[in-house]
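Read the structure below first, then the notes.
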Amino acid sequence: MAAKRVFAYALLLLLVQTAVFADVEVMPCWDKFERVYPKLKLSKKQRIKAQAIHIDGLTQSEAIQAEIEAKQWQIDRLKLADLEPETQAAQIDIIQSEIDRLHEKNYEVYQKSISDFESILRKKQLERYQETD
C-alpha cells in the first residue's frame with residue numbers, strides 16, 4: 001500500500017513539473033492514473049519495477065529542474081546587470097533557448113517513464129490502462 005502511495009505522489013510531482021512547461025493538462029492525467037492504477041492489480045514484482053521506473057524518472061527530472069532554475073537565475077541576474085539592451089536581450093535569448101531545450105528534455109523523461117511503465121504491464125493490464133484514454 002505504501003509503495004502505491006509513493007509511486008502515485010512521485011508521479012504527480014513529475015506530472016506537475018513537466019506539465020507547467022509542456023502544455024500537458026495535469027488533472028486529466030492524474031485522474032486517469034488514480035482511476036486506472038487500482039484496476040491494474042499489479043504484482044509485487046511489477047510494483048517494484050514501477051517504483052524503480054518512477055524513482056529513475058524523478059531523479060532525472062529533478063536534475064533537469066535544477067538546471068532550469070540555474071538558467072532562470074542567470075536570466076534574472078542579466079536583467080539586473082548594467083548592459084546594453086541589445087547585448088542583454090541577445091544573452092537572455094540564448095539562455096531562454098537552453099531553458100526551452102531543458103523543458104523538452106524533461107518532457108522526454110516523462111514520456112520515457114510512461115512507456116517504461118507500460119512495458120511492464122501484461123497484455124490485459126495494458127488494455128485496461130489504455131481503455132481510459
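Going by the C-alpha cells order, chains are called A, B, ..., each with residues numbered from 1, while ligands are numbered from 1 in the order shown.
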
Task: Nearby residues (only C-alpha atoms) at most 12 Å from A:Ile95, same-chain spacing under 4 positions excluded, as a ChimeraX atom specification - done: /A:67-78,88-91,99-102

Those residues you just picked out, can you put them in a file as a compact mmCIF listing (two decimals), in the first residue's frame with C-alpha atoms?
# COMPACT_ATOMS: atom_id res chain seq x y z
CA GLU A 67 19.44 23.20 -14.33
CA ILE A 68 16.35 25.16 -15.38
CA GLU A 69 16.35 27.06 -12.09
CA ALA A 70 20.05 27.87 -12.51
CA LYS A 71 19.42 29.17 -16.03
CA GLN A 72 16.47 31.23 -14.81
CA TRP A 73 18.71 32.68 -12.12
CA GLN A 74 21.20 33.66 -14.84
CA ILE A 75 18.43 35.47 -16.71
CA ASP A 76 17.39 37.30 -13.56
CA ARG A 77 20.98 38.38 -12.95
CA LEU A 78 21.30 39.58 -16.56
CA GLN A 88 21.29 41.86 -22.68
CA ALA A 89 18.47 40.68 -24.98
CA ALA A 90 20.84 38.50 -27.02
CA GLN A 91 22.23 36.80 -23.92
CA ILE A 99 15.75 26.53 -20.91
CA ASP A 100 13.33 25.54 -23.67
CA ARG A 101 15.61 22.65 -24.62
CA LEU A 102 15.71 21.53 -20.98

Open item on the list: So, with only C-alpha atoms as the atoms that count, which of A:Ile94, A:Leu40, A:Ala50, A:Ile64 lies closest to A:Ser119?
Closed with: A:Ala50

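Here the question is which of A:Arg128, A:Leu121, A:Asp93, A:Lys79 gets nearest to A:Arg47 using only C-alpha atoms, and that residue is A:Leu121.
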
Task: Contact residues around stretch 107-113 of chain A with only C-alpha atoms at 7 Å, ignoring same-chain residues under 2 positions, as number ranges by chain - done: A: 18, 22, 53-54, 57, 61, 103-105, 115-117

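Going from atom CA of A:Ala66 to atom CA of A:Glu98 covers 13.1 Å.
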
Open item on the list: Here is a test: counting only C-alpha atoms, which residue of A:Glu86, A:Lys49, A:Asn106, A:Leu80 is nearest to A:Ala63?
Closed with: A:Asn106

TODO: May I ask for the distance between atom CA of A:Ile120 and atom CA of A:Gln46, given in Å to one decimal place?
DONE: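 Going from atom CA of A:Ile120 over to atom CA of A:Gln46 covers 6.5 Å.
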